[in-house]
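Here is the file model_17.cif (mmCIF, C-alpha atoms).
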```cif
data_entry
loop_
_atom_site.label_atom_id
_atom_site.label_comp_id
_atom_site.auth_asym_id
_atom_site.auth_seq_id
_atom_site.Cartn_x
_atom_site.Cartn_y
_atom_site.Cartn_z
CA MET A 896 0.00 0.00 0.00
CA THR A 897 1.68 3.21 -1.10
CA LEU A 898 -0.90 5.88 -0.46
CA GLY A 899 1.59 8.61 0.25
CA GLY A 900 4.80 7.49 -1.42
CA HIS A 901 7.81 5.95 0.22
CA LEU A 902 9.87 6.76 3.22
CA ASN A 903 12.52 9.14 1.90
CA ILE A 904 15.43 11.16 3.22
CA ASN A 905 13.17 14.10 4.14
CA HIS A 906 11.06 11.89 6.38
CA LEU A 907 14.17 10.58 8.06
CA MET A 908 15.49 14.14 8.55
CA PHE A 909 12.16 15.06 10.14
CA LEU A 910 12.35 12.04 12.45
CA GLY A 911 15.92 13.00 13.32
CA GLN A 912 14.78 16.48 14.27
CA GLY A 913 12.11 14.91 16.48
CA ALA A 914 14.77 12.74 18.10
CA LEU A 915 16.81 15.86 18.90
CA TRP A 916 13.76 17.43 20.56
CA THR A 917 13.27 14.24 22.58
CA ILE A 918 16.81 14.63 23.89
CA GLY A 919 16.27 18.36 24.47
CA LEU A 920 13.06 17.81 26.40
CA SER A 921 14.71 15.02 28.43
CA VAL A 922 17.54 17.39 29.41
CA ILE A 923 15.04 20.10 30.40
CA ALA A 924 13.07 17.57 32.48
CA LEU A 925 16.23 16.23 34.12
CA ILE A 926 17.58 19.67 35.06
CA GLY A 927 14.22 21.13 36.14
CA GLY A 928 13.16 17.94 37.91
CA GLY A 929 16.61 17.60 39.46
CA ILE A 930 16.54 21.06 41.00
CA VAL A 931 13.00 20.74 42.36
CA GLY A 932 13.64 17.11 43.33
CA PHE A 933 16.69 18.07 45.37
CA VAL A 934 14.60 20.56 47.33
CA ILE A 935 11.92 17.87 47.80
CA ALA A 936 14.49 15.36 49.03
CA LEU A 937 15.78 17.82 51.63
CA ALA A 938 12.23 18.84 52.59
CA ARG A 939 11.28 15.17 53.13
CA ILE A 940 13.93 14.84 55.86
CA SER A 941 13.50 18.35 57.27
CA PRO A 942 13.48 18.73 61.07
CA LEU A 943 10.21 20.66 60.69
CA LYS A 944 7.22 18.34 60.74
CA SER A 945 5.03 20.65 58.64
CA VAL A 946 7.66 20.75 55.85
CA ARG A 947 7.95 16.95 55.94
CA ILE A 948 4.19 16.52 55.70
CA ALA A 949 3.77 19.09 52.91
CA SER A 950 6.52 17.55 50.79
CA GLY A 951 5.16 14.07 51.50
CA VAL A 952 1.72 15.09 50.27
CA TYR A 953 3.27 16.63 47.15
CA VAL A 954 5.10 13.39 46.36
CA GLN A 955 2.00 11.25 47.00
CA LEU A 956 -0.16 13.46 44.78
CA ILE A 957 2.28 13.52 41.87
CA GLN A 958 3.15 9.83 42.16
CA GLY A 959 -0.55 8.95 42.31
CA THR A 960 -1.36 10.81 39.10
CA PRO A 961 -0.47 9.61 35.59
CA LEU A 962 1.98 11.84 33.71
CA LEU A 963 -0.58 12.09 30.91
CA VAL A 964 -3.08 13.76 33.25
CA ILE A 965 -0.38 16.12 34.58
CA LEU A 966 0.41 17.04 30.98
CA PHE A 967 -3.25 17.71 30.19
CA LEU A 968 -3.55 19.81 33.35
CA GLY A 969 -0.51 21.82 32.31
CA TYR A 970 -1.58 22.29 28.72
CA PHE A 971 -5.38 22.61 28.65
CA GLY A 972 -5.72 23.65 32.26
CA LEU A 973 -3.40 26.64 32.12
CA ALA A 974 -4.92 27.68 28.78
CA ALA A 975 -8.38 27.52 30.33
CA ILE A 976 -7.42 30.06 33.00
CA GLY A 977 -6.07 32.43 30.37
CA LEU A 978 -2.39 31.53 30.48
CA LYS A 979 -1.22 30.92 26.95
CA VAL A 980 1.39 28.20 27.13
CA SER A 981 3.37 26.71 24.29
CA PRO A 982 3.56 22.91 24.09
CA LEU A 983 7.25 23.20 25.03
CA ALA A 984 6.48 25.19 28.19
CA ALA A 985 3.59 22.89 29.16
CA ALA A 986 5.60 19.73 28.53
CA GLY A 987 8.70 21.10 30.27
CA ALA A 988 6.75 22.22 33.34
CA SER A 989 4.71 19.00 33.60
CA LEU A 990 7.76 16.77 33.21
CA THR A 991 9.63 18.86 35.78
CA LEU A 992 6.84 18.27 38.32
CA TYR A 993 6.68 14.56 37.50
CA VAL A 994 10.45 13.98 37.58
CA SER A 995 10.89 16.01 40.79
CA ALA A 996 8.55 13.73 42.77
CA TYR A 997 10.35 10.55 41.69
CA LEU A 998 13.92 11.92 41.88
CA GLY A 999 13.06 13.50 45.24
CA GLU A 1000 12.08 10.10 46.64
CA ILE A 1001 15.08 8.33 45.09
CA TRP A 1002 17.48 10.89 46.50
CA ARG A 1003 15.81 10.93 49.90
CA GLY A 1004 16.42 7.19 50.06
CA CYS A 1005 20.07 7.69 49.09
CA ILE A 1006 20.62 10.43 51.69
CA GLN A 1007 19.04 8.27 54.37
CA SER A 1008 21.09 5.23 53.37
CA VAL A 1009 24.30 6.99 54.36
CA PRO A 1010 25.26 4.97 57.46
CA LYS A 1011 23.90 6.35 60.72
CA PRO A 1012 27.31 6.59 62.45
CA GLN A 1013 28.33 9.13 59.80
CA TRP A 1014 25.54 11.46 60.94
CA GLU A 1015 26.44 10.91 64.57
CA ALA A 1016 30.15 11.45 63.97
CA ALA A 1017 29.43 14.70 62.15
CA GLU A 1018 27.26 15.79 65.05
CA GLY A 1019 29.96 14.80 67.47
CA LEU A 1020 32.40 17.05 65.62
CA ALA A 1021 30.01 19.93 66.33
CA LEU A 1022 29.30 20.61 62.66
CA SER A 1023 26.18 22.64 61.97
CA ARG A 1024 23.28 20.96 60.13
CA THR A 1025 24.30 22.64 56.86
CA GLN A 1026 27.93 21.62 57.31
CA ARG A 1027 26.91 18.03 58.13
CA MET A 1028 24.82 17.91 54.96
CA MET A 1029 27.29 19.58 52.62
CA LYS A 1030 30.56 18.13 53.90
CA VAL A 1031 29.68 14.68 55.21
CA ILE A 1032 26.33 13.33 54.03
CA LEU A 1033 25.81 14.67 50.49
CA PRO A 1034 29.23 13.69 49.08
CA GLN A 1035 28.51 10.10 50.12
CA ALA A 1036 24.85 10.25 49.07
CA ILE A 1037 25.79 11.44 45.56
CA ARG A 1038 27.92 8.33 45.11
CA ILE A 1039 25.03 6.10 46.17
CA ALA A 1040 22.55 8.09 44.08
CA THR A 1041 24.39 7.94 40.75
CA PRO A 1042 23.31 4.47 39.50
CA PRO A 1043 19.57 4.90 40.24
CA THR A 1044 19.62 8.42 38.79
CA VAL A 1045 21.17 7.21 35.54
CA GLY A 1046 18.57 4.43 35.50
CA PHE A 1047 15.78 6.94 36.00
CA MET A 1048 17.01 8.95 33.00
CA VAL A 1049 15.76 6.05 30.87
CA GLN A 1050 12.29 6.60 32.33
CA ILE A 1051 12.54 10.32 31.56
CA ILE A 1052 13.46 9.75 27.92
CA LYS A 1053 10.64 7.24 27.47
CA ASN A 1054 8.12 9.47 29.21
CA THR A 1055 8.85 12.46 26.96
CA SER A 1056 6.96 10.46 24.31
CA LEU A 1057 3.76 11.48 26.11
CA ALA A 1058 4.44 15.14 25.27
CA SER A 1059 3.31 14.17 21.77
CA VAL A 1060 -0.33 14.25 22.92
CA VAL A 1061 -0.17 17.99 23.67
CA GLY A 1062 1.26 18.65 20.22
CA PHE A 1063 4.93 18.88 21.09
CA VAL A 1064 6.80 17.58 18.04
CA GLU A 1065 9.34 15.22 19.55
CA LEU A 1066 10.25 11.78 18.21
CA MET A 1067 6.85 10.13 18.78
CA ARG A 1068 4.85 13.04 17.35
CA SER A 1069 7.14 13.37 14.33
CA GLY A 1070 6.59 9.64 13.76
CA GLN A 1071 2.82 10.15 13.88
CA ILE A 1072 3.09 13.04 11.41
CA VAL A 1073 5.20 11.00 9.00
CA ASN A 1074 2.72 8.14 9.39
CA ASN A 1075 -0.16 10.45 8.51
CA SER A 1076 1.39 11.01 5.10
CA LEU A 1077 2.70 7.48 4.45
CA PHE A 1078 0.14 5.19 6.15
CA GLU A 1079 2.71 2.62 7.12
CA PRO A 1080 2.22 2.51 10.88
CA PHE A 1081 4.00 -0.76 11.53
CA ALA A 1082 7.25 0.19 9.79
CA ILE A 1083 7.33 3.73 11.14
CA TYR A 1084 6.55 2.86 14.77
CA ALA A 1085 9.12 0.07 14.58
CA ILE A 1086 11.72 2.65 13.47
CA ILE A 1087 10.64 4.94 16.31
CA ALA A 1088 10.97 2.06 18.78
CA VAL A 1089 14.49 1.33 17.53
CA VAL A 1090 15.51 4.98 17.91
CA TYR A 1091 14.19 5.09 21.50
CA PHE A 1092 16.01 1.84 22.21
CA THR A 1093 19.33 3.20 20.94
CA MET A 1094 18.92 6.21 23.22
CA CYS A 1095 17.88 4.26 26.31
CA TYR A 1096 19.80 0.98 26.20
CA PRO A 1097 23.31 2.48 26.64
CA LEU A 1098 22.01 4.35 29.70
CA SER A 1099 20.49 1.12 31.10
CA LEU A 1100 23.79 -0.71 30.61
CA PHE A 1101 25.75 2.17 32.16
CA SER A 1102 23.44 2.22 35.18
CA GLN A 1103 23.85 -1.56 35.64
CA LYS A 1104 27.61 -1.22 35.37
CA LEU A 1105 27.66 1.57 37.96
CA GLU A 1106 25.49 -0.54 40.26
CA ARG A 1107 27.84 -3.50 40.02
CA ARG A 1108 30.87 -1.31 40.67
CA MET A 1109 29.13 0.27 43.67
CA GLY A 1110 28.20 -3.15 45.01
CA ARG A 1111 31.83 -4.23 44.90
CA GLY A 1112 33.02 -0.96 46.43
CA ARG A 1113 30.53 -1.19 49.23
CA SER A 1114 31.32 -4.80 50.09
CA ASN A 1115 34.98 -3.77 50.45
CA LEU A 1116 33.97 -1.06 52.87
CA ALA A 1117 31.57 -3.21 54.87
CA PRO A 1118 32.74 -3.96 58.40
CA ALA A 1119 33.88 -7.54 59.00
CA MET B 1442 -5.64 35.88 34.05
CA SER B 1443 -8.96 35.05 35.61
CA LEU B 1444 -9.47 31.80 37.41
CA GLN B 1445 -13.08 30.82 37.90
CA LEU B 1446 -13.52 27.20 38.71
CA ASP B 1447 -16.90 25.70 37.96
CA PHE B 1448 -16.82 22.19 39.33
CA PRO B 1449 -20.61 21.52 39.31
CA ALA B 1450 -20.66 21.77 35.49
CA VAL B 1451 -18.20 18.90 35.31
CA LEU B 1452 -19.26 16.92 38.37
CA GLY B 1453 -22.68 16.41 36.77
CA ARG B 1454 -20.91 13.85 34.61
CA TRP B 1455 -20.04 11.65 37.56
CA PRO B 1456 -21.56 8.48 36.02
CA ASN B 1457 -19.10 8.83 33.11
CA PHE B 1458 -16.19 9.42 35.48
CA LEU B 1459 -17.14 6.35 37.53
CA ALA B 1460 -17.48 4.20 34.42
CA GLY B 1461 -14.05 5.36 33.28
CA ALA B 1462 -12.51 4.67 36.68
CA ALA B 1463 -14.12 1.21 36.70
CA LEU B 1464 -12.67 0.43 33.29
CA THR B 1465 -9.23 1.66 34.39
CA LEU B 1466 -9.39 -0.67 37.39
CA GLU B 1467 -10.56 -3.53 35.16
CA LEU B 1468 -7.70 -2.92 32.71
CA ALA B 1469 -5.22 -2.77 35.58
CA THR B 1470 -6.55 -5.99 37.14
CA PHE B 1471 -6.38 -7.98 33.90
CA ALA B 1472 -2.92 -6.68 33.07
CA THR B 1473 -1.66 -7.24 36.63
CA VAL B 1474 -2.74 -10.89 36.72
CA LEU B 1475 -1.63 -11.70 33.18
CA GLY B 1476 1.55 -9.62 33.50
CA ALA B 1477 2.50 -11.37 36.74
CA LEU B 1478 2.18 -14.78 35.07
CA PHE B 1479 3.94 -13.62 31.91
CA GLY B 1480 6.73 -11.92 33.82
CA THR B 1481 7.34 -14.89 36.10
CA LEU B 1482 7.60 -17.15 33.05
CA ALA B 1483 10.09 -14.73 31.48
CA ALA B 1484 12.12 -14.63 34.71
CA VAL B 1485 12.23 -18.43 34.82
CA GLY B 1486 13.14 -18.40 31.12
CA ARG B 1487 16.07 -16.06 31.72
CA GLY B 1488 17.53 -18.59 34.11
CA SER B 1489 17.08 -21.40 31.61
CA ARG B 1490 20.01 -23.62 30.67
CA SER B 1491 19.11 -23.30 26.99
CA PRO B 1492 20.88 -20.19 25.66
CA LEU B 1493 18.12 -19.78 23.07
CA ILE B 1494 15.34 -19.44 25.66
CA ALA B 1495 17.48 -17.34 28.00
CA GLY B 1496 18.53 -15.06 25.13
CA ALA B 1497 14.97 -14.63 23.84
CA CYS B 1498 13.76 -13.69 27.33
CA LYS B 1499 16.60 -11.19 27.73
CA VAL B 1500 15.85 -9.57 24.37
CA TYR B 1501 12.16 -9.31 25.34
CA VAL B 1502 12.91 -7.72 28.72
CA GLU B 1503 15.49 -5.24 27.41
CA THR B 1504 13.45 -4.22 24.36
CA ILE B 1505 10.34 -3.48 26.39
CA ARG B 1506 12.17 -1.72 29.21
CA ASN B 1507 13.97 0.62 26.82
CA THR B 1508 11.07 1.76 24.62
CA PRO B 1509 8.07 3.93 25.57
CA LEU B 1510 4.71 2.32 26.38
CA LEU B 1511 3.00 4.66 23.90
CA VAL B 1512 5.11 3.26 21.05
CA GLN B 1513 4.42 -0.31 22.21
CA ILE B 1514 0.67 0.30 22.32
CA PHE B 1515 0.69 1.81 18.83
CA LEU B 1516 2.78 -1.08 17.51
CA VAL B 1517 0.40 -3.68 18.94
CA TYR B 1518 -2.71 -1.74 17.88
CA PHE B 1519 -1.64 -1.00 14.31
CA GLY B 1520 0.48 -4.10 13.99
CA LEU B 1521 -2.41 -6.46 14.71
CA ALA B 1522 -4.67 -4.39 12.46
CA SER B 1523 -2.21 -4.60 9.57
CA LEU B 1524 -2.15 -8.38 10.00
CA GLY B 1525 -5.91 -8.26 9.53
CA LEU B 1526 -6.62 -9.15 13.15
CA LYS B 1527 -9.43 -7.01 14.52
CA PHE B 1528 -9.68 -6.72 18.27
CA SER B 1529 -11.47 -4.28 20.51
CA ALA B 1530 -9.42 -1.40 21.92
CA PHE B 1531 -9.84 -3.00 25.38
CA THR B 1532 -8.28 -6.30 24.26
CA VAL B 1533 -5.39 -4.50 22.61
CA ALA B 1534 -4.89 -2.37 25.71
CA VAL B 1535 -4.77 -5.44 27.97
CA ALA B 1536 -2.35 -7.19 25.61
CA ALA B 1537 -0.02 -4.19 25.35
CA LEU B 1538 -0.05 -3.51 29.11
CA THR B 1539 0.58 -7.21 29.82
CA ILE B 1540 3.59 -7.29 27.51
CA ASN B 1541 4.85 -4.07 29.08
CA VAL B 1542 4.47 -4.94 32.75
CA GLY B 1543 5.67 -8.50 32.09
CA ALA B 1544 9.17 -7.20 31.33
CA TYR B 1545 9.39 -5.20 34.56
CA THR B 1546 7.91 -8.07 36.57
CA ALA B 1547 10.51 -10.40 35.05
CA GLU B 1548 13.35 -8.22 36.34
CA ILE B 1549 11.82 -7.95 39.80
CA MET B 1550 11.19 -11.71 39.98
CA ARG B 1551 14.74 -12.43 38.80
CA ALA B 1552 16.06 -10.37 41.70
CA GLY B 1553 13.80 -12.44 43.98
CA PHE B 1554 15.07 -15.74 42.58
CA GLU B 1555 18.67 -14.58 42.97
CA ALA B 1556 18.02 -13.75 46.62
CA ILE B 1557 17.14 -17.39 47.44
CA PRO B 1558 20.17 -18.94 49.19
CA ARG B 1559 21.59 -21.93 47.34
CA GLY B 1560 21.75 -23.87 50.62
CA GLN B 1561 17.98 -23.82 51.01
CA ILE B 1562 17.49 -25.51 47.66
CA GLU B 1563 20.14 -28.10 48.57
CA ALA B 1564 18.43 -28.66 51.91
CA ALA B 1565 15.12 -29.22 50.13
CA GLU B 1566 16.80 -31.70 47.79
CA GLY B 1567 18.23 -33.42 50.83
CA LEU B 1568 14.71 -33.72 52.23
CA ALA B 1569 13.74 -35.46 48.97
CA LEU B 1570 11.19 -32.87 47.89
CA SER B 1571 10.15 -33.22 44.27
CA ARG B 1572 11.33 -30.66 41.71
CA LEU B 1573 7.85 -29.16 41.58
CA GLN B 1574 7.66 -28.89 45.36
CA ILE B 1575 11.07 -27.24 45.48
CA TYR B 1576 10.09 -24.78 42.79
CA TRP B 1577 6.86 -23.82 44.48
CA HIS B 1578 7.73 -23.84 48.19
CA ILE B 1579 11.45 -23.06 48.27
CA ILE B 1580 11.93 -20.80 45.25
CA LEU B 1581 8.75 -19.15 43.98
CA LEU B 1582 6.81 -18.30 47.14
CA PRO B 1583 9.80 -17.01 49.16
CA ALA B 1584 10.96 -15.02 46.11
CA VAL B 1585 7.55 -13.38 45.72
CA GLU B 1586 7.52 -12.65 49.45
CA LYS B 1587 10.92 -10.93 49.21
CA VAL B 1588 10.03 -8.71 46.27
CA TYR B 1589 6.37 -8.14 47.16
CA PRO B 1590 6.76 -4.38 47.88
CA ALA B 1591 8.57 -3.77 44.56
CA LEU B 1592 5.98 -5.86 42.69
CA THR B 1593 3.03 -3.96 44.13
CA SER B 1594 4.61 -0.58 43.30
CA GLN B 1595 5.09 -1.80 39.76
CA PHE B 1596 1.42 -2.75 39.47
CA VAL B 1597 0.28 0.64 40.80
CA LEU B 1598 2.54 2.29 38.20
CA LEU B 1599 0.91 0.02 35.61
CA MET B 1600 -2.54 1.28 36.61
CA LEU B 1601 -1.35 4.88 36.15
CA ALA B 1602 0.33 3.98 32.86
CA SER B 1603 -2.96 2.55 31.57
CA SER B 1604 -3.98 6.20 31.03
CA VAL B 1605 -1.89 6.00 27.85
CA CYS B 1606 -4.52 3.61 26.46
CA SER B 1607 -6.76 6.65 25.99
CA GLN B 1608 -4.70 7.25 22.84
CA ILE B 1609 -6.17 4.16 21.16
CA SER B 1610 -9.66 5.10 22.33
CA ALA B 1611 -10.07 2.52 25.08
CA GLU B 1612 -12.79 4.18 27.14
CA GLU B 1613 -10.86 4.37 30.40
CA LEU B 1614 -10.63 7.29 32.80
CA THR B 1615 -8.34 9.58 30.79
CA ALA B 1616 -10.29 8.98 27.57
CA VAL B 1617 -13.50 9.85 29.44
CA ALA B 1618 -11.82 13.01 30.71
CA ASN B 1619 -10.76 14.04 27.20
CA TYR B 1620 -14.32 13.55 26.05
CA ILE B 1621 -15.86 15.50 28.93
CA GLN B 1622 -13.44 18.42 28.63
CA SER B 1623 -14.08 18.80 24.92
CA ASP B 1624 -17.80 18.70 25.67
CA THR B 1625 -17.90 21.14 28.60
CA TYR B 1626 -14.89 23.36 27.80
CA ARG B 1627 -13.90 22.94 31.43
CA ALA B 1628 -10.47 21.39 31.01
CA PHE B 1629 -8.90 22.48 34.28
CA GLU B 1630 -11.76 21.22 36.45
CA THR B 1631 -12.04 17.96 34.52
CA TYR B 1632 -8.38 17.06 34.83
CA ILE B 1633 -8.26 18.04 38.50
CA ILE B 1634 -11.15 15.65 39.18
CA VAL B 1635 -9.46 12.95 37.14
CA ALA B 1636 -6.17 13.48 38.97
CA VAL B 1637 -7.99 13.08 42.30
CA LEU B 1638 -9.68 9.91 41.02
CA TYR B 1639 -6.31 8.45 40.02
CA VAL B 1640 -4.84 9.28 43.44
CA ILE B 1641 -7.82 7.50 45.04
CA LEU B 1642 -7.41 4.51 42.70
CA SER B 1643 -3.73 4.18 43.55
CA LEU B 1644 -4.47 4.42 47.28
CA VAL B 1645 -7.17 1.73 46.87
CA MET B 1646 -4.73 -0.50 45.00
CA ARG B 1647 -2.01 -0.01 47.61
CA ALA B 1648 -4.45 -0.84 50.42
CA GLY B 1649 -5.64 -3.89 48.48
CA PHE B 1650 -2.10 -5.19 47.95
CA TRP B 1651 -1.27 -4.54 51.59
CA GLY B 1652 -4.29 -6.59 52.69
CA LEU B 1653 -3.46 -9.32 50.19
CA GLY B 1654 0.09 -9.38 51.56
CA LEU B 1655 -1.20 -9.98 55.08
CA VAL B 1656 -3.24 -12.95 53.84
CA LEU B 1657 -0.55 -14.39 51.56
CA PHE B 1658 2.43 -13.97 53.85
CA PRO B 1659 1.28 -14.57 57.44
CA ARG B 1660 4.90 -15.29 58.39
CA ARG B 1661 5.77 -11.65 57.70
CA ARG B 1662 3.00 -10.48 59.97
CA ARG B 1663 4.18 -12.77 62.77
CA LEU B 1664 7.74 -11.56 62.42
CA GLY B 1665 6.56 -7.99 62.29
CA THR B 1666 8.51 -7.15 59.14
CA PRO B 1667 6.92 -4.22 57.37
CA LEU B 1668 5.39 -5.03 53.99
#
```
Whole structure, structure tokens version:
Amino acid sequence: MTLGGHLNINHLMFLGQGALWTIGLSVIALIGGGIVGFVIALARISPLKSVRIASGVYVQLIQGTPLLVILFLGYFGLAAIGLKVSPLAAAGASLTLYVSAYLGEIWRGCIQSVPKPQWEAAEGLALSRTQRMMKVILPQAIRIATPPTVGFMVQIIKNTSLASVVGFVELMRSGQIVNNSLFEPFAIYAIIAVVYFTMCYPLSLFSQKLERRMGRGRSNLAPA
Amino acid sequence: MSLQLDFPAVLGRWPNFLAGAALTLELATFATVLGALFGTLAAVGRGSRSPLIAGACKVYVETIRNTPLLVQIFLVYFGLASLGLKFSAFTVAVAALTINVGAYTAEIMRAGFEAIPRGQIEAAEGLALSRLQIYWHIILLPAVEKVYPALTSQFVLLMLASSVCSQISAEELTAVANYIQSDTYRAFETYIIVAVLYVILSLVMRAGFWGLGLVLFPRRRRLGTPL
């Protein structure tokens, strides 16, 4: 069936452009979500109960809502109250919210998995709370947090595909557009799948490698 | 910017919302049960002595885990259609979600299998348990017990991910929301209500899994280990 001609170099260029936007949106989501997520992680272990509860509710709400609904809220919702948002702004903001809740929880776990004696030793040295965090806990937590964070980047890249439904032309949407002119869904979506795979699989492997290396490092450090 | 929320206009559609939520739960239940079976089989397959079976299972798991669900759903939906197989959107949605969650379940189950100490299997062999008994009592059940929290989180994520099925017009909660917002022009209110419904659904699922855990793993309750 050749309703709209064959896949040619222009289609592939268009798909390539979409792939670049997928990477761009992933970077935006990672940076935005990382900044907000870091604040969330610290808020979750705050000495103030109200801050802990507020951040806990935030995480529960975001993690209990599908990204698709968050995207619709960002795109249609903000438009409905008179804020004109571009698909890029809506997708970037929604993904930032989504990523922050998950990264916040991952990082909280990493901060809390720094061995308890480290906290106590830092306290014993009369370091202030900020000093304890910055000089003792975070440097160790970052090491623990690297493998799961790299692993989560795979989720971010895959989830940017949902931005296609609010009209953001990333890889998935560019595939749909090409399909609308060629009517060869199976071939085109298979190509799209392969492109996503080549972006995500190296990250998955890297995350696994980091995890193995960490495991070995930690077993060396473990007390006898 | 003027924000005037008009919830009554949208809340009048509560029967539609409920029907959508019910279908979401139904989708999630089917995919959870089928995906658990499928994933466990894949996890067993990955440990197979035959490199062909082990390799095929690895390719399946890695392919699914490194491509977006939306692409998978479209591939299944249009792929089956291009083969001339006509199924309802619901069937396609269940199939795609099962394939998707199966891969994640396989990885979780594999971690569970790897956590079973070799000595316990040898002890069971020493007690002359049959292969089937060993597999069920010594490997499968303790493995599930170990990874139960990770499994249940995965299935809640699956329920949330089922929202993507709205894109192939399965009439679940998000599809209902899209329909209502285009009908009432009240997008913000509609999606807020839907977000609340999803939060409730995930809390219900978590509570359900917690209760199921108490029934399935009484040992845990006796030992007081948190689920």
Would you list the residues near (-1.3, 8.0, 44.8) (no more than 6 Å away, in the coordinates of the file, using all atoms listed in the file) as a compact mmCIF listing (two decimals) with C-alpha atoms, in the coordinates of the input?
```
# COMPACT_ATOMS: atom_id res chain seq x y z
CA GLN A 955 2.00 11.25 47.00
CA LEU A 956 -0.16 13.46 44.78
CA GLN A 958 3.15 9.83 42.16
CA GLY A 959 -0.55 8.95 42.31
CA VAL B 1640 -4.84 9.28 43.44
CA SER B 1643 -3.73 4.18 43.55
CA LEU B 1644 -4.47 4.42 47.28
```
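Comparing the minimum interatomic distances between A:Leu1057 and each of A:Gly972, A:Gly1019, A:Gly987, A:Gly927, counting all atoms listed in the file, we find that A:Gly987 sits nearest.
Note that the spacing between atom CA of B:Ala1552 and atom CA of B:Leu1475 amounts to 19.7 Å.
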Report as an mmCIF file with C-alpha atoms, keeping the file's coordinate frame all protein, DNA and RNA residues lying within 8 Å of B:Thr1625, evaluated on only C-alpha atoms, omitting residues in the same chain fewer than 3 positions from it.
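And here's around03.cif as it stands now:
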```cif
data_model
loop_
_atom_site.group_PDB
_atom_site.id
_atom_site.type_symbol
_atom_site.label_atom_id
_atom_site.label_comp_id
_atom_site.auth_asym_id
_atom_site.auth_seq_id
_atom_site.Cartn_x
_atom_site.Cartn_y
_atom_site.Cartn_z
ATOM 1 C CA ALA B 1450 -20.660 21.770 35.490
ATOM 2 C CA VAL B 1451 -18.200 18.900 35.310
ATOM 3 C CA ILE B 1621 -15.860 15.500 28.930
ATOM 4 C CA GLN B 1622 -13.440 18.420 28.630
ATOM 5 C CA ALA B 1628 -10.470 21.390 31.010
#
```
Inset, instruction - Let me know the residues the PyMOL selection byres ((chain B) within 7 of (chain A)) catches in the file above, as an MDAnalysis selection string. - result: chainID B and resid 1442:1444 1504 1507:1509 1512 1516 1519:1520 1601:1602 1604:1605 1628:1629 1632 1636 1639:1640 1643
Go ahead and write the residues just picked, C-alpha atoms, as a tab-separated table (two decimals), keeping the file's coordinate frame.
```tsv
chain	number	residue	atom	x	y	z
B	1442	MET	CA	-5.64	35.88	34.05
B	1443	SER	CA	-8.96	35.05	35.61
B	1444	LEU	CA	-9.47	31.80	37.41
B	1504	THR	CA	13.45	-4.22	24.36
B	1507	ASN	CA	13.97	0.62	26.82
B	1508	THR	CA	11.07	1.76	24.62
B	1509	PRO	CA	8.07	3.93	25.57
B	1512	VAL	CA	5.11	3.26	21.05
B	1516	LEU	CA	2.78	-1.08	17.51
B	1519	PHE	CA	-1.64	-1.00	14.31
B	1520	GLY	CA	0.48	-4.10	13.99
B	1601	LEU	CA	-1.35	4.88	36.15
B	1602	ALA	CA	0.33	3.98	32.86
B	1604	SER	CA	-3.98	6.20	31.03
B	1605	VAL	CA	-1.89	6.00	27.85
B	1628	ALA	CA	-10.47	21.39	31.01
B	1629	PHE	CA	-8.90	22.48	34.28
B	1632	TYR	CA	-8.38	17.06	34.83
B	1636	ALA	CA	-6.17	13.48	38.97
B	1639	TYR	CA	-6.31	8.45	40.02
B	1640	VAL	CA	-4.84	9.28	43.44
B	1643	SER	CA	-3.73	4.18	43.55
```
Inset, instruction - Give as a count of residues only every residue, naming chains and numbers as the document does, that has an atom within 12 Å of (5.1, 12.6, 46.8), counting only C-alpha atoms. - result: 31
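Closest to B:Pro1590 among B:Ile1641, B:Trp1455, B:Phe1650, B:Cys1606 is B:Phe1650, based on all atoms listed in the file.
Taking atom CA of B:Leu1582 and atom CA of B:Ala1472 as endpoints, the distance between them is 20.7 Å.
Proximity to B:Ala1534 was assessed for B:Leu1581, B:Ala1611, B:Ala1569, B:Ala1497 counting all atoms listed in the file; the smallest distance is recorded for B:Ala1611.
Interatomic distance, atom CA of B:Ala1462 against atom CA of B:Met1646: 12.5 Å.
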Fewer than 5 positions away in the same chain doesn't count, so skip those; otherwise give me all residues within 8 Å of B:Ala1547, counting all atoms listed in the file, as a PDB file with C-alpha atoms, in the coordinates of the input.
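What ended up in selection_21.pdb:
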```
ATOM      1  CA  PHE B1479       3.940 -13.620  31.910  1.00  0.00           C
ATOM      2  CA  GLY B1480       6.730 -11.920  33.820  1.00  0.00           C
ATOM      3  CA  THR B1481       7.340 -14.890  36.100  1.00  0.00           C
ATOM      4  CA  LEU B1482       7.600 -17.150  33.050  1.00  0.00           C
ATOM      5  CA  ALA B1483      10.090 -14.730  31.480  1.00  0.00           C
ATOM      6  CA  ALA B1484      12.120 -14.630  34.710  1.00  0.00           C
ATOM      7  CA  VAL B1502      12.910  -7.720  28.720  1.00  0.00           C
TER       8      VAL B1502
END
```
Legend entry - Surrounding residues of B:Gly1461 excluding itself and chain neighbours under 2 positions, 8 Å, all atoms listed in the file, as a ChimeraX atom specification: /B:1457-1459,1463-1465,1612-1617
Legend entry - Nearby residues (all atoms listed in the file) at most 10 Å from B:Thr1470, same-chain spacing under 6 positions excluded, as a PyMOL selection string: chain B and resi 1464+1476+1535+1596+1599-1600+1646
Inset, instruction - Determine the residue set returned by the PyMOL selection byres ((chain A and resi 1044) around 9) for the present structure, and present it as a PyMOL selection string. - result: chain A and resi 998+1001-1002+1040-1043+1045-1048+1102
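Among B:Val1588, B:Thr1546, B:Ile1562, B:Leu1653, the residue with the shortest atom-to-atom distance to B:Leu1478, counting all atoms listed in the file, is B:Thr1546.
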